[in-house]
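Q: My questions all concern the structure below.
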Amino acid sequence: MTSTVPTHPPDWLIVGAGFAGAVLAERLAAHGQRVLVIDRRDHVGGNAHDHVDAAGLLVHRYGPHIFHTNSALVFDYLSRFTEWRPYEHRVRGRVDGHLVPVPINLDTVNTLYGLQLTPDELPAWLAARAEPVAEIRTAEDVVVSQVGRDLYEKIFRGYTRKQWGLDPSELDASVTARIPVRHDREDRYFTDTFQAMPLHGYTRMFERMLDHPNISVRTGVAYEEVRSQLAASRLVWTGPVDEFFGFSEGRLPYRSLRFVHETRDVETLQPVGTVNYPQDQDYTRITEYKHLTGQKHPRTSITFEFPSAEGEPYYPVPQAESRATYKRYQALADALPDVWFVGRLATYRYYNMDQIVAQSLATFARMRDDLALSPVPIADALVAQDGD
């Protein structure tokens, strides 16, 4: 995508070219607003950015991004910018020398314990091992109250400690609350209505979203470099909220990741797209992208993920202390009428991709009402753009 420089002062400066920034740029541009999008990285797409590596394989630079949603609105909106490849993600965990389905299902239990339970028998088996918890407060409470101590130790505790740098007993219940336990052989990681991957990759989809005469894009540019030079009347901020305010209320904790990409001289390496390693290894998982993309190629590319306390902020840390700090930043943000904070880092919430799209569309609806922009339905605006 070619960087462009606006010939007139933009109406909006959007900091960040990931999902939040791209969706809002497209919506505002479709309503006649001039928009400048900047990103300190050298590409668009944020953490969903993908590219073709030296072997000719499409890989995700920042680890696997699997699109899934129950929202027809979100899926239909993104479908204006991409075709889709149907894909249902499956994950295995390397546990006690076995590859077992994750999340826990009937096959997970039968394999690890050498049993032949049926779907009707598994609930009672789990209930007999579950530990009563009077009040669910932590990530540990959630799991042991459902599946007991042994499965918690085998599958959850080690992985969580690596991922977050904290024991599950120190983390909010939200960390594990959304991880299901299945009593049948359902082995899809997600069960959403819409599950697919952008046919030509995420980056191509973002490039189409930002391909509008009212949108200018500059990558490799930090906000600090341009803030005094630009006369945009309104700002959308999608970066860390504490960074925007100069860390005045203290630094919010984030977890980062280090990615090690390798190409192997085999056609496939794993039986599924992702294998988790909850026990001995330093890395949490290995992803093999050909499962996700459907590419045919004699070689394969994989990514090892090593959680880290340092580096790019990826995951807000769900603890009471961090929520209290964010509340102080939220009060500062709410006091700025012409600055909009959108996305995972700006609102300090762990959002999936579809949730960020939904949040961005909802934010735009409020912008449109506040600014009395001429209403252009999503479908009408995008159909017109498709015909350009």
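The chains in the structure tokens are called A, B, ... from first to last as shown; in each chain the residues are counted from 1, and the ligands are counted from 1 in the order shown.
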Assign secondary structure with DSSP using the backbone only, and return the residues of region 256-388 of chain A in strand (DSSP E or B) as a PyMOL selection string.
A: chain A and resi 256-264+274-276+285-288+300-308+315-316+339-341
Q: So that I have them on file, write out the residues from the current selection with N, CA and C atoms, as a CSV table (one decimal), in the first residue's frame.
A:
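After the write, part28.csv holds the following:
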```csv
chain,number,residue,atom,x,y,z
A,256,SER,N,3.4,-9.2,26.7
A,256,SER,CA,3.9,-9.2,25.3
A,256,SER,C,4.2,-10.6,24.9
A,257,LEU,N,4.6,-10.7,23.7
A,257,LEU,CA,5.0,-12.0,23.1
A,257,LEU,C,6.2,-11.8,22.2
A,258,ARG,N,7.0,-12.8,22.2
A,258,ARG,CA,8.2,-12.9,21.3
A,258,ARG,C,7.9,-14.0,20.3
A,259,PHE,N,8.0,-13.8,19.0
A,259,PHE,CA,7.7,-14.8,18.0
A,259,PHE,C,9.0,-15.2,17.3
A,260,VAL,N,9.1,-16.6,17.2
A,260,VAL,CA,10.2,-17.2,16.5
A,260,VAL,C,9.6,-17.9,15.3
A,261,HIS,N,9.9,-17.4,14.1
A,261,HIS,CA,9.3,-18.0,12.8
A,261,HIS,C,10.3,-18.9,12.2
A,262,GLU,N,9.9,-20.1,11.8
A,262,GLU,CA,10.8,-21.0,11.1
A,262,GLU,C,10.1,-21.6,9.9
A,263,THR,N,10.9,-22.0,8.9
A,263,THR,CA,10.4,-22.7,7.8
A,263,THR,C,11.0,-24.1,7.8
A,264,ARG,N,10.2,-25.1,7.6
A,264,ARG,CA,10.6,-26.5,7.7
A,264,ARG,C,10.5,-27.2,6.3
A,274,THR,N,-2.9,-25.3,15.4
A,274,THR,CA,-2.1,-24.9,16.6
A,274,THR,C,-2.0,-26.0,17.6
A,275,VAL,N,-0.8,-26.2,18.2
A,275,VAL,CA,-0.6,-27.1,19.3
A,275,VAL,C,-0.1,-26.3,20.5
A,276,ASN,N,-0.8,-26.5,21.6
A,276,ASN,CA,-0.4,-25.8,22.9
A,276,ASN,C,0.5,-26.7,23.7
A,285,ARG,N,2.8,-22.1,22.5
A,285,ARG,CA,2.2,-22.8,21.4
A,285,ARG,C,3.0,-22.7,20.1
A,286,ILE,N,2.7,-23.6,19.2
A,286,ILE,CA,3.3,-23.5,17.8
A,286,ILE,C,2.1,-23.5,16.8
A,287,THR,N,2.1,-22.6,15.9
A,287,THR,CA,1.1,-22.5,14.9
A,287,THR,C,1.7,-22.8,13.5
A,288,GLU,N,1.0,-23.6,12.7
A,288,GLU,CA,1.4,-23.9,11.4
A,288,GLU,C,0.4,-23.3,10.4
A,300,THR,N,6.7,-25.8,4.8
A,300,THR,CA,5.8,-25.2,5.8
A,300,THR,C,6.4,-24.2,6.7
A,301,SER,N,5.7,-23.2,7.1
A,301,SER,CA,6.2,-22.2,8.0
A,301,SER,C,5.4,-22.3,9.4
A,302,ILE,N,6.1,-22.1,10.4
A,302,ILE,CA,5.6,-22.2,11.8
A,302,ILE,C,6.0,-21.1,12.6
A,303,THR,N,5.3,-20.8,13.7
A,303,THR,CA,5.7,-19.8,14.7
A,303,THR,C,5.6,-20.3,16.1
A,304,PHE,N,6.7,-20.1,16.8
A,304,PHE,CA,6.7,-20.4,18.3
A,304,PHE,C,6.4,-19.1,19.0
A,305,GLU,N,5.6,-19.2,20.1
A,305,GLU,CA,5.2,-18.0,20.8
A,305,GLU,C,5.8,-18.1,22.2
A,306,PHE,N,6.6,-17.1,22.6
A,306,PHE,CA,7.2,-17.0,23.9
A,306,PHE,C,6.6,-15.8,24.7
A,307,PRO,N,5.8,-16.0,25.7
A,307,PRO,CA,5.3,-14.8,26.4
A,307,PRO,C,6.4,-14.0,27.1
A,308,SER,N,6.2,-12.7,27.3
A,308,SER,CA,7.2,-11.9,27.8
A,308,SER,C,6.6,-10.7,28.6
A,315,TYR,N,-1.6,-7.9,25.6
A,315,TYR,CA,-2.7,-8.3,26.4
A,315,TYR,C,-2.8,-7.5,27.7
A,316,PRO,N,-3.9,-6.7,27.9
A,316,PRO,CA,-4.1,-6.1,29.2
A,316,PRO,C,-4.2,-7.2,30.3
A,339,VAL,N,-11.5,13.7,21.3
A,339,VAL,CA,-10.6,12.5,21.2
A,339,VAL,C,-11.4,11.3,21.6
A,340,TRP,N,-11.3,10.3,20.7
A,340,TRP,CA,-12.0,9.0,20.8
A,340,TRP,C,-11.1,7.9,21.0
A,341,PHE,N,-11.3,7.1,22.1
A,341,PHE,CA,-10.4,6.0,22.5
A,341,PHE,C,-11.1,4.7,22.1
```
Q: For Phe156 (chain A), please output as JSON, numbers by chain all residues within 8 Å (counting only C-alpha atoms; exclusion window: fewer than 5 positions along the same chain).
A: {"A": [143, 151, 278]}
Q: For the residues selected in the previous step, produce a file with N, CA and C atoms as a short mmCIF file (atom, residue, chain, number, x, y, z; two decimals), in the first residue's frame.
A:
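And here is the file that came out, selection01.cif:
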```cif
data_model
loop_
_atom_site.label_atom_id
_atom_site.label_comp_id
_atom_site.auth_asym_id
_atom_site.auth_seq_id
_atom_site.Cartn_x
_atom_site.Cartn_y
_atom_site.Cartn_z
N VAL A 143 -11.68 -22.97 37.01
CA VAL A 143 -11.31 -24.26 36.45
C VAL A 143 -11.50 -25.39 37.45
N LEU A 151 -6.88 -32.05 36.22
CA LEU A 151 -6.95 -31.47 34.87
C LEU A 151 -6.51 -30.01 34.89
N PRO A 278 1.33 -26.82 27.48
CA PRO A 278 1.06 -26.32 28.83
C PRO A 278 2.04 -26.81 29.89
#
```
Q: When you count only C-alpha atoms, which of these residues is closest to Ala25 (chain A): A:Gly114, A:Pro198, A:Pro313, A:Pro213?
A: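 Checking each candidate against Ala25 (chain A), we get A:Pro213 as the closest.
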Q: CA of Leu58 (chain A) to CA of Gln281 (chain A): how many Å, to one decimal?
A: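 Atom-to-atom, CA of Leu58 (chain A) to CA of Gln281 (chain A), that is 26.1 Å.
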Q: Closest to Pro271 (chain A) among A:Tyr254, A:Tyr77, A:Pro101, A:Val357, using only C-alpha atoms?
A: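 When distances to Pro271 (chain A) are compared using only C-alpha atoms, the smallest one comes from A:Pro101.
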Q: Go through A:Asp369, A:Glu135, A:Glu88, A:Asp39 and flag the residue nearest Gly18 (chain A), using only C-alpha atoms for the distances.
A: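 Going through A:Asp369, A:Glu135, A:Glu88, A:Asp39 one by one, the smallest distance to Gly18 (chain A) is for A:Asp39.
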Q: Just want the 10 Å neighbourhood of Gln319 (chain A), counted on only C-alpha atoms, with same-chain residues fewer than 6 positions away dropped. Output as a PyMOL selection string.
A: chain A and resi 138+170-175+253
Q: Could you tell me which of A:Ala372, A:Leu345, A:Ile104, A:Ile66 comes closest to His89 (chain A) if we count only C-alpha atoms?
A: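 When distances to His89 (chain A) are compared using only C-alpha atoms, the smallest one comes from A:Ile66.
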Q: Please identify the alpha helix (DSSP H) residues within region 121-273 of chain A (assignment by DSSP from backbone atoms) and present them as a PyMOL selection string.
A: chain A and resi 122-129+139-147+149-151+158-164+174-177+202-209+223-226+241-244
Q: For the residues selected in the previous step, produce a file with N, CA and C atoms as a CSV table (one decimal), in the first residue's frame.
A:
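Once everything was written out, this is out_31.csv:
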```csv
chain,number,residue,atom,x,y,z
A,122,LEU,N,-19.6,-38.5,31.2
A,122,LEU,CA,-18.6,-37.5,31.5
A,122,LEU,C,-19.0,-36.4,32.5
A,123,PRO,N,-20.2,-35.9,32.5
A,123,PRO,CA,-20.6,-34.9,33.5
A,123,PRO,C,-20.4,-35.3,34.9
A,124,ALA,N,-20.8,-36.6,35.2
A,124,ALA,CA,-20.7,-37.1,36.5
A,124,ALA,C,-19.3,-37.3,36.9
A,125,TRP,N,-18.5,-37.8,35.9
A,125,TRP,CA,-17.0,-38.0,36.2
A,125,TRP,C,-16.4,-36.7,36.6
A,126,LEU,N,-16.7,-35.6,35.8
A,126,LEU,CA,-16.1,-34.3,36.2
A,126,LEU,C,-16.6,-33.8,37.5
A,127,ALA,N,-17.9,-34.0,37.7
A,127,ALA,CA,-18.5,-33.5,39.0
A,127,ALA,C,-17.9,-34.1,40.2
A,128,ALA,N,-17.5,-35.4,40.1
A,128,ALA,CA,-16.9,-36.1,41.2
A,128,ALA,C,-15.5,-35.5,41.5
A,129,ARG,N,-14.9,-34.9,40.6
A,129,ARG,CA,-13.5,-34.4,40.8
A,129,ARG,C,-13.5,-32.8,41.0
A,139,ALA,N,-9.0,-17.0,38.2
A,139,ALA,CA,-9.0,-18.0,37.1
A,139,ALA,C,-8.9,-19.4,37.6
A,140,GLU,N,-8.2,-19.6,38.7
A,140,GLU,CA,-8.1,-21.0,39.3
A,140,GLU,C,-9.4,-21.4,39.8
A,141,ASP,N,-10.2,-20.6,40.4
A,141,ASP,CA,-11.5,-21.0,40.9
A,141,ASP,C,-12.4,-21.5,39.8
A,142,VAL,N,-12.4,-20.8,38.7
A,142,VAL,CA,-13.2,-21.2,37.6
A,142,VAL,C,-13.0,-22.6,37.1
A,143,VAL,N,-11.7,-23.0,37.0
A,143,VAL,CA,-11.3,-24.3,36.4
A,143,VAL,C,-11.5,-25.4,37.5
A,144,VAL,N,-11.0,-25.2,38.7
A,144,VAL,CA,-11.1,-26.3,39.6
A,144,VAL,C,-12.5,-26.6,40.0
A,145,SER,N,-13.4,-25.6,39.9
A,145,SER,CA,-14.8,-25.8,40.2
A,145,SER,C,-15.5,-26.6,39.1
A,146,GLN,N,-14.9,-26.6,37.9
A,146,GLN,CA,-15.5,-27.4,36.8
A,146,GLN,C,-14.9,-28.7,36.6
A,147,VAL,N,-13.6,-28.8,36.6
A,147,VAL,CA,-12.9,-30.1,36.2
A,147,VAL,C,-12.0,-30.7,37.3
A,149,ARG,N,-8.8,-30.6,40.3
A,149,ARG,CA,-7.4,-30.2,40.5
A,149,ARG,C,-6.5,-30.8,39.4
A,150,ASP,N,-6.7,-32.1,39.1
A,150,ASP,CA,-5.7,-32.7,38.2
A,150,ASP,C,-5.7,-32.2,36.8
A,151,LEU,N,-6.9,-32.1,36.2
A,151,LEU,CA,-7.0,-31.5,34.9
A,151,LEU,C,-6.5,-30.0,34.9
A,158,GLY,N,0.0,-24.5,34.1
A,158,GLY,CA,1.3,-24.2,33.5
A,158,GLY,C,1.2,-23.2,32.3
A,159,TYR,N,0.2,-23.4,31.4
A,159,TYR,CA,0.0,-22.6,30.3
A,159,TYR,C,-0.3,-21.1,30.7
A,160,THR,N,-1.2,-21.0,31.7
A,160,THR,CA,-1.6,-19.7,32.2
A,160,THR,C,-0.4,-19.0,32.9
A,161,ARG,N,0.4,-19.7,33.6
A,161,ARG,CA,1.6,-19.1,34.3
A,161,ARG,C,2.6,-18.6,33.2
A,162,LYS,N,2.8,-19.3,32.1
A,162,LYS,CA,3.6,-18.9,31.1
A,162,LYS,C,3.0,-17.7,30.4
A,163,GLN,N,1.8,-17.8,30.0
A,163,GLN,CA,1.1,-16.7,29.3
A,163,GLN,C,1.1,-15.4,30.0
A,164,TRP,N,0.8,-15.4,31.3
A,164,TRP,CA,0.6,-14.2,32.0
A,164,TRP,C,1.7,-13.8,33.0
A,174,SER,N,-12.1,-13.8,34.6
A,174,SER,CA,-12.4,-13.7,33.2
A,174,SER,C,-11.3,-14.4,32.3
A,175,VAL,N,-10.1,-14.6,32.8
A,175,VAL,CA,-9.1,-15.3,32.0
A,175,VAL,C,-9.5,-16.6,31.6
A,176,THR,N,-10.2,-17.4,32.4
A,176,THR,CA,-10.6,-18.8,32.1
A,176,THR,C,-12.1,-18.9,32.0
A,177,ALA,N,-12.8,-17.9,32.3
A,177,ALA,CA,-14.3,-18.0,32.3
A,177,ALA,C,-14.9,-18.4,30.9
A,202,TYR,N,-5.2,-11.0,5.7
A,202,TYR,CA,-5.7,-9.8,6.4
A,202,TYR,C,-5.1,-8.5,5.8
A,203,THR,N,-3.9,-8.5,5.4
A,203,THR,CA,-3.3,-7.2,4.9
A,203,THR,C,-4.0,-6.8,3.7
A,204,ARG,N,-4.3,-7.7,2.8
A,204,ARG,CA,-5.1,-7.3,1.6
A,204,ARG,C,-6.4,-6.7,1.9
A,205,MET,N,-7.1,-7.3,2.9
A,205,MET,CA,-8.4,-6.8,3.4
A,205,MET,C,-8.2,-5.4,3.9
A,206,PHE,N,-7.2,-5.1,4.7
A,206,PHE,CA,-7.0,-3.8,5.3
A,206,PHE,C,-6.7,-2.8,4.2
A,207,GLU,N,-5.9,-3.2,3.2
A,207,GLU,CA,-5.6,-2.3,2.1
A,207,GLU,C,-6.8,-1.8,1.3
A,208,ARG,N,-7.8,-2.7,1.2
A,208,ARG,CA,-9.0,-2.4,0.5
A,208,ARG,C,-9.9,-1.5,1.4
A,209,MET,N,-9.9,-1.7,2.7
A,209,MET,CA,-10.6,-0.8,3.6
A,209,MET,C,-10.1,0.6,3.5
A,223,TYR,N,3.1,9.1,16.6
A,223,TYR,CA,2.2,10.2,16.9
A,223,TYR,C,3.0,11.4,17.4
A,224,GLU,N,4.1,11.2,18.1
A,224,GLU,CA,4.9,12.2,18.7
A,224,GLU,C,5.6,13.0,17.6
A,225,GLU,N,5.8,12.4,16.4
A,225,GLU,CA,6.5,13.1,15.3
A,225,GLU,C,5.6,14.1,14.6
A,226,VAL,N,4.3,13.9,14.7
A,226,VAL,CA,3.4,14.7,13.8
A,226,VAL,C,2.4,15.5,14.6
A,241,VAL,N,-3.7,3.5,26.3
A,241,VAL,CA,-4.3,4.7,26.9
A,241,VAL,C,-3.4,5.4,27.9
A,242,ASP,N,-2.6,4.6,28.6
A,242,ASP,CA,-1.6,5.3,29.5
A,242,ASP,C,-0.5,6.0,28.8
A,243,GLU,N,-0.1,5.5,27.6
A,243,GLU,CA,0.9,6.2,26.8
A,243,GLU,C,0.3,7.6,26.4
A,244,PHE,N,-0.9,7.7,26.0
A,244,PHE,CA,-1.5,8.9,25.5
A,244,PHE,C,-1.4,10.0,26.6
```
Q: Nearest residue to Asp107 (chain A) out of A:Arg92, A:Trp237, A:Pro132, A:Arg85, using only C-alpha atoms?
A: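 Closest candidate: A:Arg92.
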Q: Give me the residues within 9 Å of Asp265 (chain A) as a list of chain:residue names, counting only C-alpha atoms and dropping any in the same chain fewer than 3 places off.
A: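 These residues fall inside the cut-off: A:Thr268, A:Pro298, A:Arg299, A:Thr300.
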Q: Could those residues be written to a file, using N, CA and C atoms, as a PDB file, in the first residue's frame?
A:
```
ATOM      1  N   THR A 268       3.812 -30.808   5.841  1.00  0.00           N
ATOM      2  CA  THR A 268       3.073 -30.423   7.046  1.00  0.00           C
ATOM      3  C   THR A 268       3.806 -30.960   8.268  1.00  0.00           C
ATOM      4  N   PRO A 298       5.400 -27.305  -0.922  1.00  0.00           N
ATOM      5  CA  PRO A 298       6.216 -28.418  -0.428  1.00  0.00           C
ATOM      6  C   PRO A 298       6.883 -28.149   0.930  1.00  0.00           C
ATOM      7  N   ARG A 299       6.922 -26.880   1.370  1.00  0.00           N
ATOM      8  CA  ARG A 299       7.504 -26.538   2.661  1.00  0.00           C
ATOM      9  C   ARG A 299       6.405 -25.960   3.555  1.00  0.00           C
ATOM     10  N   THR A 300       6.744 -25.779   4.832  1.00  0.00           N
ATOM     11  CA  THR A 300       5.752 -25.232   5.758  1.00  0.00           C
ATOM     12  C   THR A 300       6.419 -24.234   6.698  1.00  0.00           C
TER      13      THR A 300
END
```
